[in-house]
>>> print(open('input_8.pdb').read())   # PDB, N, CA and C atoms, pLDDT in the B column
ATOM      1  N   ILE M   1      -5.136  14.305  -2.293  1.00 57.00           N
ATOM      2  CA  ILE M   1      -4.894  13.836  -0.929  1.00 57.00           C
ATOM      3  C   ILE M   1      -3.471  14.218  -0.548  1.00 57.00           C
ATOM      4  N   ASP M   2      -3.320  14.956   0.518  1.00 63.00           N
ATOM      5  CA  ASP M   2      -2.018  15.459   0.926  1.00 63.00           C
ATOM      6  C   ASP M   2      -1.385  14.672   2.061  1.00 63.00           C
ATOM      7  N   ARG M   3      -2.170  13.892   2.759  1.00 70.00           N
ATOM      8  CA  ARG M   3      -1.643  13.173   3.915  1.00 70.00           C
ATOM      9  C   ARG M   3      -1.728  11.685   3.667  1.00 70.00           C
ATOM     10  N   TRP M   4      -0.834  10.936   4.305  1.00 69.00           N
ATOM     11  CA  TRP M   4      -0.895   9.491   4.211  1.00 69.00           C
ATOM     12  C   TRP M   4      -0.790   8.901   5.609  1.00 69.00           C
ATOM     13  N   VAL M   5      -1.257   7.675   5.721  1.00 73.00           N
ATOM     14  CA  VAL M   5      -1.268   6.947   6.994  1.00 73.00           C
ATOM     15  C   VAL M   5      -0.687   5.568   6.742  1.00 73.00           C
ATOM     16  N   TRP M   6       0.230   5.120   7.616  1.00 71.00           N
ATOM     17  CA  TRP M   6       0.717   3.748   7.550  1.00 71.00           C
ATOM     18  C   TRP M   6      -0.193   2.910   8.422  1.00 71.00           C
ATOM     19  N   ASN M   7      -0.659   1.804   7.879  1.00 69.00           N
ATOM     20  CA  ASN M   7      -1.651   0.968   8.540  1.00 69.00           C
ATOM     21  C   ASN M   7      -1.220  -0.486   8.428  1.00 69.00           C
ATOM     22  N   ARG M   8      -1.537  -1.311   9.402  1.00 73.00           N
ATOM     23  CA  ARG M   8      -1.177  -2.733   9.351  1.00 73.00           C
ATOM     24  C   ARG M   8      -2.372  -3.633   9.067  1.00 73.00           C
ATOM     25  N   TRP M   9      -3.555  -3.095   8.968  1.00 73.00           N
ATOM     26  CA  TRP M   9      -4.751  -3.895   8.756  1.00 73.00           C
ATOM     27  C   TRP M   9      -5.506  -3.405   7.534  1.00 73.00           C
ATOM     28  N   GLU M  10      -6.551  -4.120   7.154  1.00 76.00           N
ATOM     29  CA  GLU M  10      -7.338  -3.690   6.003  1.00 76.00           C
ATOM     30  C   GLU M  10      -7.826  -2.272   6.222  1.00 76.00           C
ATOM     31  N   PRO M  11      -7.585  -1.413   5.243  1.00 79.00           N
ATOM     32  CA  PRO M  11      -7.919  -0.006   5.460  1.00 79.00           C
ATOM     33  C   PRO M  11      -9.411   0.266   5.387  1.00 79.00           C
ATOM     34  N   LYS M  12      -9.797   1.290   6.067  1.00 81.00           N
ATOM     35  CA  LYS M  12     -11.139   1.850   5.974  1.00 81.00           C
ATOM     36  C   LYS M  12     -10.975   3.237   5.384  1.00 81.00           C
ATOM     37  N   LYS M  13     -11.813   3.614   4.464  1.00 84.00           N
ATOM     38  CA  LYS M  13     -11.689   4.906   3.816  1.00 84.00           C
ATOM     39  C   LYS M  13     -11.739   6.020   4.857  1.00 84.00           C
ATOM     40  N   ARG M  14     -10.780   6.943   4.761  1.00 80.00           N
ATOM     41  CA  ARG M  14     -10.694   8.087   5.667  1.00 80.00           C
ATOM     42  C   ARG M  14     -10.549   9.331   4.803  1.00 80.00           C
ATOM     43  N   ASP M  15     -11.442  10.256   4.947  1.00 82.00           N
ATOM     44  CA  ASP M  15     -11.416  11.467   4.126  1.00 82.00           C
ATOM     45  C   ASP M  15     -10.083  12.197   4.244  1.00 82.00           C
ATOM     46  N   GLY M  16      -9.511  12.515   3.091  1.00 83.00           N
ATOM     47  CA  GLY M  16      -8.301  13.316   3.054  1.00 83.00           C
ATOM     48  C   GLY M  16      -7.014  12.578   3.343  1.00 83.00           C
ATOM     49  N   GLU M  17      -7.061  11.257   3.535  1.00 86.00           N
ATOM     50  CA  GLU M  17      -5.854  10.492   3.841  1.00 86.00           C
ATOM     51  C   GLU M  17      -5.739   9.298   2.904  1.00 86.00           C
ATOM     52  N   TYR M  18      -4.543   9.087   2.386  1.00 88.00           N
ATOM     53  CA  TYR M  18      -4.236   7.912   1.579  1.00 88.00           C
ATOM     54  C   TYR M  18      -3.534   6.925   2.494  1.00 88.00           C
ATOM     55  N   GLN M  19      -4.015   5.692   2.557  1.00 88.00           N
ATOM     56  CA  GLN M  19      -3.459   4.704   3.467  1.00 88.00           C
ATOM     57  C   GLN M  19      -2.550   3.736   2.708  1.00 88.00           C
ATOM     58  N   VAL M  20      -1.357   3.551   3.243  1.00 87.00           N
ATOM     59  CA  VAL M  20      -0.403   2.584   2.709  1.00 87.00           C
ATOM     60  C   VAL M  20      -0.172   1.574   3.809  1.00 87.00           C
ATOM     61  N   PHE M  21      -0.251   0.283   3.466  1.00 86.00           N
ATOM     62  CA  PHE M  21      -0.081  -0.704   4.519  1.00 86.00           C
ATOM     63  C   PHE M  21       0.593  -1.957   4.021  1.00 86.00           C
ATOM     64  N   GLY M  22       1.086  -2.741   4.967  1.00 83.00           N
ATOM     65  CA  GLY M  22       1.778  -3.995   4.704  1.00 83.00           C
ATOM     66  C   GLY M  22       1.417  -5.011   5.760  1.00 83.00           C
ATOM     67  N   HIS M  23       2.283  -6.000   5.917  1.00 82.00           N
ATOM     68  CA  HIS M  23       2.059  -7.092   6.868  1.00 82.00           C
ATOM     69  C   HIS M  23       0.803  -7.877   6.498  1.00 82.00           C
ATOM     70  N   ASN M  24       0.472  -7.886   5.217  1.00 79.00           N
ATOM     71  CA  ASN M  24      -0.666  -8.647   4.672  1.00 79.00           C
ATOM     72  C   ASN M  24      -0.210  -9.289   3.368  1.00 79.00           C
ATOM     73  N   SER M  25       0.829 -10.109   3.423  1.00 85.00           N
ATOM     74  CA  SER M  25       1.429 -10.641   2.198  1.00 85.00           C
ATOM     75  C   SER M  25       0.477 -11.512   1.388  1.00 85.00           C
ATOM     76  N   ASN M  26      -0.585 -12.002   1.998  1.00 85.00           N
ATOM     77  CA  ASN M  26      -1.552 -12.800   1.234  1.00 85.00           C
ATOM     78  C   ASN M  26      -2.295 -11.938   0.211  1.00 85.00           C
ATOM     79  N   TRP M  27      -2.304 -10.600   0.376  1.00 87.00           N
ATOM     80  CA  TRP M  27      -2.965  -9.714  -0.591  1.00 87.00           C
ATOM     81  C   TRP M  27      -2.032  -9.280  -1.699  1.00 87.00           C
ATOM     82  N   GLY M  28      -0.715  -9.250  -1.448  1.00 93.00           N
ATOM     83  CA  GLY M  28       0.226  -8.747  -2.444  1.00 93.00           C
ATOM     84  C   GLY M  28      -0.028  -7.278  -2.713  1.00 93.00           C
ATOM     85  N   LEU M  29       0.333  -6.841  -3.914  1.00 95.00           N
ATOM     86  CA  LEU M  29       0.093  -5.450  -4.292  1.00 95.00           C
ATOM     87  C   LEU M  29      -1.388  -5.307  -4.620  1.00 95.00           C
ATOM     88  N   ARG M  30      -2.070  -4.472  -3.852  1.00 92.00           N
ATOM     89  CA  ARG M  30      -3.520  -4.326  -4.008  1.00 92.00           C
ATOM     90  C   ARG M  30      -3.908  -2.881  -3.725  1.00 92.00           C
ATOM     91  N   TYR M  31      -4.756  -2.343  -4.580  1.00 92.00           N
ATOM     92  CA  TYR M  31      -5.231  -0.967  -4.420  1.00 92.00           C
ATOM     93  C   TYR M  31      -6.672  -0.960  -3.918  1.00 92.00           C
ATOM     94  N   PHE M  32      -7.017   0.075  -3.200  1.00 91.00           N
ATOM     95  CA  PHE M  32      -8.369   0.270  -2.698  1.00 91.00           C
ATOM     96  C   PHE M  32      -8.892   1.579  -3.269  1.00 91.00           C
ATOM     97  N   ALA M  33     -10.087   1.541  -3.848  1.00 92.00           N
ATOM     98  CA  ALA M  33     -10.652   2.722  -4.493  1.00 92.00           C
ATOM     99  C   ALA M  33     -12.166   2.593  -4.537  1.00 92.00           C
ATOM    100  N   ASP M  34     -12.814   3.724  -4.677  1.00 89.00           N
ATOM    101  CA  ASP M  34     -14.242   3.744  -4.984  1.00 89.00           C
ATOM    102  C   ASP M  34     -14.535   5.007  -5.772  1.00 89.00           C
ATOM    103  N   ASP M  35     -15.529   4.951  -6.603  1.00 85.00           N
ATOM    104  CA  ASP M  35     -15.897   6.078  -7.461  1.00 85.00           C
ATOM    105  C   ASP M  35     -14.702   6.610  -8.256  1.00 85.00           C
ATOM    106  N   GLY M  36     -13.795   5.693  -8.652  1.00 81.00           N
ATOM    107  CA  GLY M  36     -12.639   6.080  -9.442  1.00 81.00           C
ATOM    108  C   GLY M  36     -11.534   6.775  -8.675  1.00 81.00           C
ATOM    109  N   MET M  37     -11.664   6.888  -7.350  1.00 85.00           N
ATOM    110  CA  MET M  37     -10.663   7.577  -6.533  1.00 85.00           C
ATOM    111  C   MET M  37      -9.953   6.568  -5.635  1.00 85.00           C
ATOM    112  N   ALA M  38      -8.636   6.400  -5.866  1.00 87.00           N
ATOM    113  CA  ALA M  38      -7.844   5.501  -5.022  1.00 87.00           C
ATOM    114  C   ALA M  38      -7.618   6.155  -3.665  1.00 87.00           C
ATOM    115  N   TRP M  39      -7.771   5.374  -2.602  1.00 90.00           N
ATOM    116  CA  TRP M  39      -7.556   5.912  -1.256  1.00 90.00           C
ATOM    117  C   TRP M  39      -6.674   5.009  -0.388  1.00 90.00           C
ATOM    118  N   GLY M  40      -6.146   3.923  -0.989  1.00 90.00           N
ATOM    119  CA  GLY M  40      -5.274   3.063  -0.209  1.00 90.00           C
ATOM    120  C   GLY M  40      -4.579   2.015  -1.061  1.00 90.00           C
ATOM    121  N   ALA M  41      -3.470   1.475  -0.504  1.00 91.00           N
ATOM    122  CA  ALA M  41      -2.726   0.438  -1.205  1.00 91.00           C
ATOM    123  C   ALA M  41      -2.013  -0.459  -0.204  1.00 91.00           C
ATOM    124  N   CYS M  42      -2.057  -1.762  -0.466  1.00 91.00           N
ATOM    125  CA  CYS M  42      -1.230  -2.732   0.257  1.00 91.00           C
ATOM    126  C   CYS M  42       0.013  -2.932  -0.599  1.00 91.00           C
ATOM    127  N   ILE M  43       1.193  -2.759  -0.026  1.00 92.00           N
ATOM    128  CA  ILE M  43       2.418  -2.921  -0.794  1.00 92.00           C
ATOM    129  C   ILE M  43       3.274  -4.076  -0.284  1.00 92.00           C
ATOM    130  N   ASP M  44       2.673  -5.020   0.432  1.00 92.00           N
ATOM    131  CA  ASP M  44       3.420  -6.176   0.941  1.00 92.00           C
ATOM    132  C   ASP M  44       3.438  -7.266  -0.128  1.00 92.00           C
ATOM    133  N   THR M  45       4.567  -7.415  -0.791  1.00 95.00           N
ATOM    134  CA  THR M  45       4.714  -8.427  -1.838  1.00 95.00           C
ATOM    135  C   THR M  45       5.752  -9.482  -1.441  1.00 95.00           C
ATOM    136  N   SER M  46       5.978  -9.640  -0.150  1.00 93.00           N
ATOM    137  CA  SER M  46       7.002 -10.579   0.321  1.00 93.00           C
ATOM    138  C   SER M  46       6.679 -12.020  -0.066  1.00 93.00           C
ATOM    139  N   ARG M  47       5.440 -12.365  -0.189  1.00 93.00           N
ATOM    140  CA  ARG M  47       5.060 -13.720  -0.584  1.00 93.00           C
ATOM    141  C   ARG M  47       5.594 -14.056  -1.982  1.00 93.00           C
ATOM    142  N   GLU M  48       5.680 -13.026  -2.847  1.00 94.00           N
ATOM    143  CA  GLU M  48       6.208 -13.224  -4.198  1.00 94.00           C
ATOM    144  C   GLU M  48       7.722 -13.014  -4.245  1.00 94.00           C
ATOM    145  N   ARG M  49       8.342 -12.803  -3.062  1.00 95.00           N
ATOM    146  CA  ARG M  49       9.772 -12.558  -2.943  1.00 95.00           C
ATOM    147  C   ARG M  49      10.193 -11.319  -3.734  1.00 95.00           C
ATOM    148  N   VAL M  50       9.386 -10.262  -3.586  1.00 95.00           N
ATOM    149  CA  VAL M  50       9.629  -8.980  -4.235  1.00 95.00           C
ATOM    150  C   VAL M  50       9.521  -7.891  -3.172  1.00 95.00           C
ATOM    151  N   LEU M  51      10.478  -6.955  -3.194  1.00 95.00           N
ATOM    152  CA  LEU M  51      10.420  -5.790  -2.320  1.00 95.00           C
ATOM    153  C   LEU M  51       9.694  -4.679  -3.066  1.00 95.00           C
ATOM    154  N   THR M  52       8.675  -4.099  -2.449  1.00 96.00           N
ATOM    155  CA  THR M  52       7.879  -3.051  -3.085  1.00 96.00           C
ATOM    156  C   THR M  52       7.930  -1.793  -2.238  1.00 96.00           C
ATOM    157  N   GLY M  53       8.096  -0.671  -2.904  1.00 95.00           N
ATOM    158  CA  GLY M  53       8.085   0.632  -2.251  1.00 95.00           C
ATOM    159  C   GLY M  53       7.215   1.589  -3.041  1.00 95.00           C
ATOM    160  N   MET M  54       6.770   2.637  -2.377  1.00 94.00           N
ATOM    161  CA  MET M  54       5.949   3.640  -3.033  1.00 94.00           C
ATOM    162  C   MET M  54       6.588   5.004  -2.830  1.00 94.00           C
ATOM    163  N   GLN M  55       6.775   5.738  -3.924  1.00 94.00           N
ATOM    164  CA  GLN M  55       7.299   7.099  -3.853  1.00 94.00           C
ATOM    165  C   GLN M  55       6.133   8.035  -3.598  1.00 94.00           C
ATOM    166  N   TRP M  56       6.333   8.931  -2.634  1.00 89.00           N
ATOM    167  CA  TRP M  56       5.264   9.863  -2.283  1.00 89.00           C
ATOM    168  C   TRP M  56       5.676  11.263  -2.714  1.00 89.00           C
ATOM    169  N   PRO M  57       4.832  12.068  -3.307  1.00 89.00           N
ATOM    170  CA  PRO M  57       3.386  11.951  -3.391  1.00 89.00           C
ATOM    171  C   PRO M  57       2.861  11.374  -4.707  1.00 89.00           C
ATOM    172  N   SER M  58       3.753  10.959  -5.614  1.00 91.00           N
ATOM    173  CA  SER M  58       3.274  10.473  -6.920  1.00 91.00           C
ATOM    174  C   SER M  58       2.546   9.136  -6.817  1.00 91.00           C
ATOM    175  N   LYS M  59       2.817   8.387  -5.755  1.00 92.00           N
ATOM    176  CA  LYS M  59       2.276   7.036  -5.551  1.00 92.00           C
ATOM    177  C   LYS M  59       2.828   6.051  -6.580  1.00 92.00           C
ATOM    178  N   ARG M  60       3.959   6.391  -7.157  1.00 95.00           N
ATOM    179  CA  ARG M  60       4.602   5.493  -8.115  1.00 95.00           C
ATOM    180  C   ARG M  60       5.180   4.293  -7.370  1.00 95.00           C
ATOM    181  N   ILE M  61       4.956   3.111  -7.935  1.00 96.00           N
ATOM    182  CA  ILE M  61       5.418   1.856  -7.330  1.00 96.00           C
ATOM    183  C   ILE M  61       6.777   1.463  -7.918  1.00 96.00           C
ATOM    184  N   PHE M  62       7.689   1.041  -7.038  1.00 97.00           N
ATOM    185  CA  PHE M  62       8.981   0.509  -7.448  1.00 97.00           C
ATOM    186  C   PHE M  62       9.092  -0.902  -6.862  1.00 97.00           C
ATOM    187  N   GLN M  63       9.592  -1.826  -7.666  1.00 97.00           N
ATOM    188  CA  GLN M  63       9.737  -3.195  -7.192  1.00 97.00           C
ATOM    189  C   GLN M  63      11.107  -3.750  -7.548  1.00 97.00           C
ATOM    190  N   GLN M  64      11.622  -4.592  -6.658  1.00 97.00           N
ATOM    191  CA  GLN M  64      12.914  -5.251  -6.862  1.00 97.00           C
ATOM    192  C   GLN M  64      12.791  -6.690  -6.371  1.00 97.00           C
ATOM    193  N   PRO M  65      13.043  -7.667  -7.270  1.00 96.00           N
ATOM    194  CA  PRO M  65      13.054  -9.067  -6.809  1.00 96.00           C
ATOM    195  C   PRO M  65      14.121  -9.259  -5.728  1.00 96.00           C
ATOM    196  N   TYR M  66      13.855 -10.182  -4.804  1.00 95.00           N
ATOM    197  CA  TYR M  66      14.836 -10.489  -3.773  1.00 95.00           C
ATOM    198  C   TYR M  66      16.124 -10.966  -4.421  1.00 95.00           C
ATOM    199  N   ILE M  67      17.219 -10.630  -3.803  1.00 91.00           N
ATOM    200  CA  ILE M  67      18.517 -11.095  -4.254  1.00 91.00           C
ATOM    201  C   ILE M  67      19.018 -12.096  -3.208  1.00 91.00           C
ATOM    202  N   ASP M  68      19.248 -13.313  -3.644  1.00 82.00           N
ATOM    203  CA  ASP M  68      19.714 -14.358  -2.707  1.00 82.00           C
ATOM    204  C   ASP M  68      21.209 -14.296  -2.513  1.00 82.00           C
TER     205      ASP M  68
END
>>> encode(input="input_8.pdb", output="structure tokens")
Amino acid sequence: IDRWVWNRWEPKKRDGEYQVFGHNSNWGLRYFADDGMAWGACIDTSRERVLTGMQWPSKRIFQQPYID
């Protein structure tokens, strides 16, 4: 998958696009996949007081606890 889409709602599978979304802190870090192929991820971990980012195109996750 070469393209990505930023989304604010639950993703729907879209051919050829990997969806990254937030503003859904009740889900936390969550991946979406079928047939062994990941096609989306929620990276909103604010509920756990953790900042999460994704490096593209590796899809590697980086996390940092909030600093008060």
>>> residues_around(input="input_8.pdb", residues="M:Val20", least_positions_apart="5", cutoff="7 Å", atoms="only N, CA and C atoms", output="PyMOL selection string")
chain M and resi 4-8+39-43
>>> atom_distance(input="input_8.pdb", atom1="atom CA of M:Thr52", atom2="atom CA of M:Gly16")
23.8 Å
>>> resolve_selection(input="input_8.pdb", expression="the PyMOL selection byres (((chain M and resi 30 and name CA) around 12) and name CA)", output="PyMOL selection string")
chain M and resi 10-11+19-22+24-29+31-33+38-45+52+61
>>> atom_distance(input="input_8.pdb", atom1="atom N of M:Arg14", atom2="atom C of M:Asp35")
13.6 Å
>>> axis_aligned_box(input="input_8.pdb", around="stretch 13-18 of chain M", padding_each_side="4 Å", output="JSON")
{"center_x": -7.7, "center_y": 8.5, "center_z": 3.6, "size_x": 16.3, "size_y": 17.7, "size_z": 12.1}
>>> resolve_selection(input="input_8.pdb", expression="the PyMOL selection byres (((chain M and resi 50 and name CA) around 7) and name CA)", output="MDAnalysis selection string")
chainID M and resid 45:46 48:49 51:52 63:66
>>> select_by_dssp(input="input_8.pdb", residues="chain M", states="strand (DSSP E or B)", output="ChimeraX atom specification")
/M:3-7,17-21,29-34,37-43,50-55,60-65
